[in-house]
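Q: Attaching a single structure in structure tokens format; questions to follow.
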Amino acid sequence: MMAAIPRIGPDWAALWRQAGAFMDVILHIGAHRTGTTTFQDYMRRNLIELNAMGTGFWGPRRTRRGVFAGILPKPGAATGRDLQKRGIGRVKLGCAWAFSRGHTHLVISDENMIGSVCGNLDTNTLYPAAGERLAHFAPAFEDRKTRVFLTIRALDRYWASSLGYGITRGRGVPDRAELDRLVQGRRSWRDVITDIACAMPHADINVVPFENYVGQPDVQLALMTGQAGPETHARNWCNATPAPDVLRQMVAERGQNGAGLTGTDRWYPFDAVQTAHLRETYLDDLFWLRTGADGLANFTQGTGANKTGNTSAIARNARGHGHDNEKREMG
């Protein structure tokens, strides 16, 4: 357990100003189904070593249990208190406290900052309120060095993993009509990234492809902080989508129809035409990122197998390649 954050006073206000100049705040905002749970587990298991390196960490166990309380508006009775202002103040105080402990980097990882898997499935679209949600968080990180990291994934794999996750949470197996609605949706990662940039115009936005960093939380941390991450617990796997036989058992126990849960190793619900459409959209997103992303984001392509490198905005001006061979992946 981490020590309680002390009450604010003149000294803490000064630390807040110093933290803005000397401590990087790194917001790891997802996306879901791209190894976020694995990354958070890795960070928690290495807290002692990370603290010694000057890297602090807030994960969902902290952000969703009080630190972010009130920042996102919720319906409820009027209390006369500005809950968002109190939430923003709580985050600022927490940043000052982290700086007081000698942290030069504070990694805040919570994929729910941009939405939820179930919200995406309910609306058949990709993080429709990402910009609006992040705009509520933006004041908490003003006047300081803030970097945003987003991991994106091939849309057919992303939606297949999300649908599998939905089944584990009680949702039914999607029919053809629902799959068509997902495929025909006009919103892609480009739209999500654009919304993030509009909500946090002063942040440095960084995008990495899941396919090249799957199962490498230590490499992801090195990208965020510029320091080599601990190798301990770096190959633990968390929150993978269950195999089709497990999903079939789940829906059978709920009395639902599991006829669409085919396959033995991995459930994949899309047909060839749907797959082609989703992958073409993803290739368009990669093309946009590789050619500069309209100046909104930095794209780190990487080369897999613990080798990374920034892709220049003019290094590649052809459309991207496919990612069919995703081995050892989560979700």
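Following the order of the structure tokens, first chain is A, next is B, and so on, with residues numbered from 1 inside each chain and ligands from 1 in the order they appear.
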Skipping near chain neighbours, those fewer than 6 positions away, what residues fall within 10 Å of A:Asp245 using only C-alpha atoms, listed as a PyMOL selection string?
A: chain A and resi 258+261-267
Q: For A:Thr151, find every residue with an atom within 9 Å (counting only C-alpha atoms), except residues of its own chain fewer than 4 positions away, and show them as a list in words.
A: His28, Ile29, Gly30, Ala31, His32, Thr34, Gly35, Thr36, Asn206, Val207, Val208, Pro209, Phe210 and Tyr213 of chain A
Q: Would you export the selected residues with all heavy atoms as an mmCIF file, in the first residue's frame, please?
A:
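What follows is the written file out20.cif:
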data_model
loop_
_atom_site.group_PDB
_atom_site.id
_atom_site.type_symbol
_atom_site.label_atom_id
_atom_site.label_comp_id
_atom_site.auth_asym_id
_atom_site.auth_seq_id
_atom_site.Cartn_x
_atom_site.Cartn_y
_atom_site.Cartn_z
ATOM 1 N N HIS A 28 -1.049 6.799 -19.871
ATOM 2 C CA HIS A 28 -1.221 5.601 -20.698
ATOM 3 C C HIS A 28 -2.724 5.316 -20.744
ATOM 4 O O HIS A 28 -3.292 4.791 -19.793
ATOM 5 C CB HIS A 28 -0.445 4.438 -20.071
ATOM 6 C CG HIS A 28 -0.609 3.144 -20.790
ATOM 7 N ND1 HIS A 28 -0.947 1.970 -20.137
ATOM 8 C CD2 HIS A 28 -0.490 2.819 -22.101
ATOM 9 C CE1 HIS A 28 -1.007 0.988 -21.012
ATOM 10 N NE2 HIS A 28 -0.742 1.468 -22.210
ATOM 11 N N ILE A 29 -3.370 5.680 -21.856
ATOM 12 C CA ILE A 29 -4.830 5.705 -21.902
ATOM 13 C C ILE A 29 -5.424 4.525 -22.667
ATOM 14 O O ILE A 29 -6.603 4.531 -22.997
ATOM 15 C CB ILE A 29 -5.332 7.027 -22.512
ATOM 16 C CG1 ILE A 29 -4.801 7.192 -23.942
ATOM 17 C CG2 ILE A 29 -4.911 8.213 -21.659
ATOM 18 C CD1 ILE A 29 -5.398 8.389 -24.674
ATOM 19 N N GLY A 30 -4.652 3.498 -22.911
ATOM 20 C CA GLY A 30 -5.205 2.324 -23.578
ATOM 21 C C GLY A 30 -4.536 2.090 -24.912
ATOM 22 O O GLY A 30 -3.379 2.471 -25.099
ATOM 23 N N ALA A 31 -5.282 1.549 -25.849
ATOM 24 C CA ALA A 31 -6.691 1.233 -25.748
ATOM 25 C C ALA A 31 -6.902 -0.118 -25.066
ATOM 26 O O ALA A 31 -5.953 -0.857 -24.832
ATOM 27 C CB ALA A 31 -7.319 1.200 -27.145
ATOM 28 N N HIS A 32 -8.169 -0.395 -24.718
ATOM 29 C CA HIS A 32 -8.512 -1.700 -24.181
ATOM 30 C C HIS A 32 -8.115 -2.790 -25.174
ATOM 31 O O HIS A 32 -8.007 -2.558 -26.372
ATOM 32 C CB HIS A 32 -10.025 -1.801 -23.943
ATOM 33 C CG HIS A 32 -10.546 -0.831 -22.924
ATOM 34 N ND1 HIS A 32 -10.875 0.459 -23.241
ATOM 35 C CD2 HIS A 32 -10.805 -0.984 -21.593
ATOM 36 C CE1 HIS A 32 -11.322 1.078 -22.154
ATOM 37 N NE2 HIS A 32 -11.290 0.231 -21.149
ATOM 38 N N THR A 34 -5.367 -4.242 -25.662
ATOM 39 C CA THR A 34 -4.035 -4.106 -26.256
ATOM 40 C C THR A 34 -2.944 -4.359 -25.213
ATOM 41 O O THR A 34 -1.854 -3.800 -25.298
ATOM 42 C CB THR A 34 -3.822 -2.710 -26.877
ATOM 43 O OG1 THR A 34 -3.904 -1.713 -25.837
ATOM 44 C CG2 THR A 34 -4.848 -2.416 -27.953
ATOM 45 N N GLY A 35 -3.244 -5.189 -24.221
ATOM 46 C CA GLY A 35 -2.248 -5.521 -23.214
ATOM 47 C C GLY A 35 -2.174 -4.537 -22.064
ATOM 48 O O GLY A 35 -1.180 -4.533 -21.326
ATOM 49 N N THR A 36 -3.198 -3.715 -21.863
ATOM 50 C CA THR A 36 -3.142 -2.729 -20.783
ATOM 51 C C THR A 36 -3.110 -3.401 -19.407
ATOM 52 O O THR A 36 -2.379 -2.957 -18.517
ATOM 53 C CB THR A 36 -4.333 -1.762 -20.860
ATOM 54 O OG1 THR A 36 -5.554 -2.517 -20.933
ATOM 55 C CG2 THR A 36 -4.235 -0.872 -22.086
ATOM 56 N N ASN A 206 1.615 10.103 -28.361
ATOM 57 C CA ASN A 206 2.428 9.044 -28.948
ATOM 58 C C ASN A 206 1.557 7.820 -29.199
ATOM 59 O O ASN A 206 0.803 7.394 -28.323
ATOM 60 C CB ASN A 206 3.569 8.669 -28.007
ATOM 61 C CG ASN A 206 4.474 9.852 -27.705
ATOM 62 O OD1 ASN A 206 5.459 10.090 -28.384
ATOM 63 N ND2 ASN A 206 4.132 10.631 -26.673
ATOM 64 N N VAL A 207 1.687 7.243 -30.390
ATOM 65 C CA VAL A 207 0.882 6.093 -30.785
ATOM 66 C C VAL A 207 1.815 4.944 -31.146
ATOM 67 O O VAL A 207 2.807 5.144 -31.859
ATOM 68 C CB VAL A 207 -0.027 6.435 -31.984
ATOM 69 C CG1 VAL A 207 -0.873 5.233 -32.389
ATOM 70 C CG2 VAL A 207 -0.905 7.641 -31.659
ATOM 71 N N VAL A 208 1.504 3.757 -30.641
ATOM 72 C CA VAL A 208 2.310 2.572 -30.959
ATOM 73 C C VAL A 208 1.376 1.449 -31.399
ATOM 74 O O VAL A 208 0.241 1.363 -30.942
ATOM 75 C CB VAL A 208 3.163 2.110 -29.750
ATOM 76 C CG1 VAL A 208 4.162 3.174 -29.354
ATOM 77 C CG2 VAL A 208 2.285 1.742 -28.567
ATOM 78 N N PRO A 209 1.825 0.586 -32.304
ATOM 79 C CA PRO A 209 0.990 -0.522 -32.766
ATOM 80 C C PRO A 209 1.104 -1.733 -31.845
ATOM 81 O O PRO A 209 2.210 -2.180 -31.519
ATOM 82 C CB PRO A 209 1.561 -0.841 -34.150
ATOM 83 C CG PRO A 209 3.010 -0.457 -34.041
ATOM 84 C CD PRO A 209 3.092 0.682 -33.058
ATOM 85 N N PHE A 210 -0.019 -2.255 -31.441
ATOM 86 C CA PHE A 210 -0.057 -3.441 -30.589
ATOM 87 C C PHE A 210 0.717 -4.597 -31.190
ATOM 88 O O PHE A 210 1.423 -5.330 -30.494
ATOM 89 C CB PHE A 210 -1.527 -3.843 -30.385
ATOM 90 C CG PHE A 210 -1.736 -5.196 -29.772
ATOM 91 C CD1 PHE A 210 -1.659 -5.374 -28.406
ATOM 92 C CD2 PHE A 210 -2.027 -6.294 -30.573
ATOM 93 C CE1 PHE A 210 -1.863 -6.628 -27.846
ATOM 94 C CE2 PHE A 210 -2.243 -7.542 -30.017
ATOM 95 C CZ PHE A 210 -2.152 -7.707 -28.654
ATOM 96 N N TYR A 213 4.366 -4.694 -30.240
ATOM 97 C CA TYR A 213 4.766 -4.577 -28.833
ATOM 98 C C TYR A 213 4.014 -5.543 -27.927
ATOM 99 O O TYR A 213 4.093 -5.440 -26.708
ATOM 100 C CB TYR A 213 4.558 -3.137 -28.346
ATOM 101 C CG TYR A 213 5.479 -2.163 -29.015
ATOM 102 C CD1 TYR A 213 5.075 -1.448 -30.142
ATOM 103 C CD2 TYR A 213 6.777 -1.991 -28.565
ATOM 104 C CE1 TYR A 213 5.923 -0.579 -30.782
ATOM 105 C CE2 TYR A 213 7.645 -1.115 -29.198
ATOM 106 C CZ TYR A 213 7.211 -0.413 -30.303
ATOM 107 O OH TYR A 213 8.076 0.443 -30.939
#
Q: Give me the residues near stretch 42-44 of chain A as a list in words, where near means some atom within 7 Å (using only C-alpha atoms) and where sequence neighbours in that chain fewer than 2 positions away do not count.
A: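 In the requested form, the answer reads Thr38, Phe39, Gln40, Asn46, Leu47, Pro217, His233 and Ala234 of chain A.
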Q: Keeping N, CA and C atoms for every residue in the selection just given, could you write it to a file as a compact mmCIF listing (two decimals), in the first residue's frame?
A:
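So selection.txt came out as:
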# COMPACT_ATOMS: atom_id res chain seq x y z
N THR A 38 -1.93 -6.33 -18.69
CA THR A 38 -0.60 -6.91 -18.54
C THR A 38 0.41 -5.83 -18.15
N PHE A 39 0.34 -4.67 -18.79
CA PHE A 39 1.25 -3.57 -18.46
C PHE A 39 1.05 -3.12 -17.01
N GLN A 40 -0.19 -2.99 -16.59
CA GLN A 40 -0.46 -2.54 -15.23
C GLN A 40 -0.01 -3.56 -14.19
N ASN A 46 6.59 -4.47 -10.05
CA ASN A 46 7.94 -3.91 -10.03
C ASN A 46 8.00 -2.55 -9.35
N LEU A 47 7.04 -2.25 -8.46
CA LEU A 47 6.96 -0.92 -7.87
C LEU A 47 8.24 -0.53 -7.13
N PRO A 217 5.78 -5.37 -21.93
CA PRO A 217 5.53 -4.17 -21.10
C PRO A 217 6.80 -3.43 -20.74
N HIS A 233 8.99 -10.10 -14.29
CA HIS A 233 7.54 -10.12 -14.53
C HIS A 233 7.16 -9.54 -15.90
N ALA A 234 8.12 -9.41 -16.80
CA ALA A 234 7.83 -8.79 -18.09
C ALA A 234 7.13 -9.73 -19.06
Q: Nearest residue to A:Cys198 out of A:Asp285, A:Arg290, A:Leu296, A:Ala177, using only C-alpha atoms?
A: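 Of the candidates, the smallest distance to A:Cys198 is held by A:Leu296.
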Q: Closest to A:Asp24 among A:Arg133, A:Arg157, A:Arg62, A:Arg144, using only C-alpha atoms?
A: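 Residue with the minimum atom-to-atom distance to A:Asp24: A:Arg144.
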Q: Might you pull out every residue within 6 Å of A:Gln84, with only C-alpha atoms counted and same-chain residues fewer than 2 positions away left off, and present them as an mmCIF file with N, CA and C atoms, in the first residue's frame?
A:
data_model
loop_
_atom_site.group_PDB
_atom_site.id
_atom_site.type_symbol
_atom_site.label_atom_id
_atom_site.label_comp_id
_atom_site.auth_asym_id
_atom_site.auth_seq_id
_atom_site.Cartn_x
_atom_site.Cartn_y
_atom_site.Cartn_z
ATOM 1 N N GLY A 70 -14.950 12.276 -9.317
ATOM 2 C CA GLY A 70 -15.545 13.579 -9.561
ATOM 3 C C GLY A 70 -15.102 14.255 -10.833
ATOM 4 N N ILE A 71 -14.011 13.801 -11.459
ATOM 5 C CA ILE A 71 -13.529 14.486 -12.656
ATOM 6 C C ILE A 71 -14.503 14.309 -13.818
ATOM 7 N N ASP A 82 -18.187 21.557 -6.030
ATOM 8 C CA ASP A 82 -17.674 21.364 -7.382
ATOM 9 C C ASP A 82 -16.795 20.119 -7.360
ATOM 10 N N ARG A 86 -12.618 19.568 -7.221
ATOM 11 C CA ARG A 86 -11.982 18.822 -6.134
ATOM 12 C C ARG A 86 -11.149 17.663 -6.701
ATOM 13 N N GLY A 87 -11.677 16.989 -7.732
ATOM 14 C CA GLY A 87 -10.941 15.885 -8.347
ATOM 15 C C GLY A 87 -9.658 16.363 -9.012
#
Q: Let me make sure I understand: among A:Leu150, A:Ile26, A:Leu163, A:Ala129, which one has the smallest atom-to-atom distance to A:Pro242 if we use only C-alpha atoms?
A: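 Under the stated criterion, the closest residue is A:Leu163.
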Q: Can you measure atom CA of A:Arg181 to atom CA of A:Thr123 for me? One decimal in Å is fine.
A: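 Result for atom CA of A:Arg181 versus atom CA of A:Thr123: 9.4 Å, one decimal.
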Q: Nearest to A:Tyr165 among A:Val67, A:Val91, A:Ala276, A:Leu121, with distances taken over only C-alpha atoms: which residue is it?
A: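 Going through A:Val67, A:Val91, A:Ala276, A:Leu121 one by one, the smallest distance to A:Tyr165 is for A:Leu121.
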Q: Among stretch 46-172 of chain A, which residues does DSSP mark as strand (DSSP E) when it is run on the backbone? Keep the chain and numbering as in the structure and answer as a PyMOL selection string.
A: chain A and resi 55-58+105-109+146-152
Q: Only N, CA and C atoms, please: the residues just picked out, written as a short mmCIF file (atom, residue, chain, number, x, y, z; two decimals), in the first residue's frame.
A:
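Output contents, as saved in out-v2.cif:
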data_model
loop_
_atom_site.label_atom_id
_atom_site.label_comp_id
_atom_site.auth_asym_id
_atom_site.auth_seq_id
_atom_site.Cartn_x
_atom_site.Cartn_y
_atom_site.Cartn_z
N THR A 55 10.59 6.38 -11.02
CA THR A 55 9.35 6.27 -11.78
C THR A 55 8.21 5.90 -10.84
N GLY A 56 7.22 6.75 -10.76
CA GLY A 56 6.02 6.46 -9.98
C GLY A 56 4.95 5.86 -10.87
N PHE A 57 3.96 5.22 -10.25
CA PHE A 57 2.91 4.55 -11.03
C PHE A 57 1.57 4.67 -10.32
N TRP A 58 0.57 5.10 -11.08
CA TRP A 58 -0.83 5.02 -10.65
C TRP A 58 -1.55 4.14 -11.67
N HIS A 105 9.47 10.67 -13.32
CA HIS A 105 8.39 10.25 -14.22
C HIS A 105 7.23 9.72 -13.37
N LEU A 106 6.03 10.06 -13.76
CA LEU A 106 4.83 9.49 -13.14
C LEU A 106 3.98 8.90 -14.24
N VAL A 107 3.87 7.56 -14.25
CA VAL A 107 3.07 6.86 -15.26
C VAL A 107 1.68 6.62 -14.69
N ILE A 108 0.67 7.16 -15.35
CA ILE A 108 -0.73 6.98 -14.95
C ILE A 108 -1.40 6.15 -16.04
N SER A 109 -1.77 4.93 -15.69
CA SER A 109 -2.32 4.00 -16.68
C SER A 109 -3.75 3.65 -16.34
N THR A 146 3.38 16.78 -20.17
CA THR A 146 2.46 15.65 -20.21
C THR A 146 2.58 14.95 -21.55
N ARG A 147 2.76 13.63 -21.48
CA ARG A 147 2.80 12.83 -22.69
C ARG A 147 1.71 11.77 -22.62
N VAL A 148 1.03 11.58 -23.72
CA VAL A 148 -0.06 10.62 -23.82
C VAL A 148 0.41 9.46 -24.70
N PHE A 149 0.17 8.23 -24.22
CA PHE A 149 0.51 7.04 -24.99
C PHE A 149 -0.75 6.23 -25.26
N LEU A 150 -0.95 5.91 -26.53
CA LEU A 150 -2.10 5.12 -26.96
C LEU A 150 -1.59 3.97 -27.82
N THR A 151 -2.01 2.76 -27.49
CA THR A 151 -1.69 1.59 -28.31
C THR A 151 -2.91 1.26 -29.16
N ILE A 152 -2.70 1.10 -30.45
CA ILE A 152 -3.79 0.77 -31.36
C ILE A 152 -3.60 -0.64 -31.89
#
Q: Take atom CA of A:Asp294 and atom CA of A:Leu126 and report the distance between them in Å, one decimal.
A: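 So the answer is 20.2 Å.
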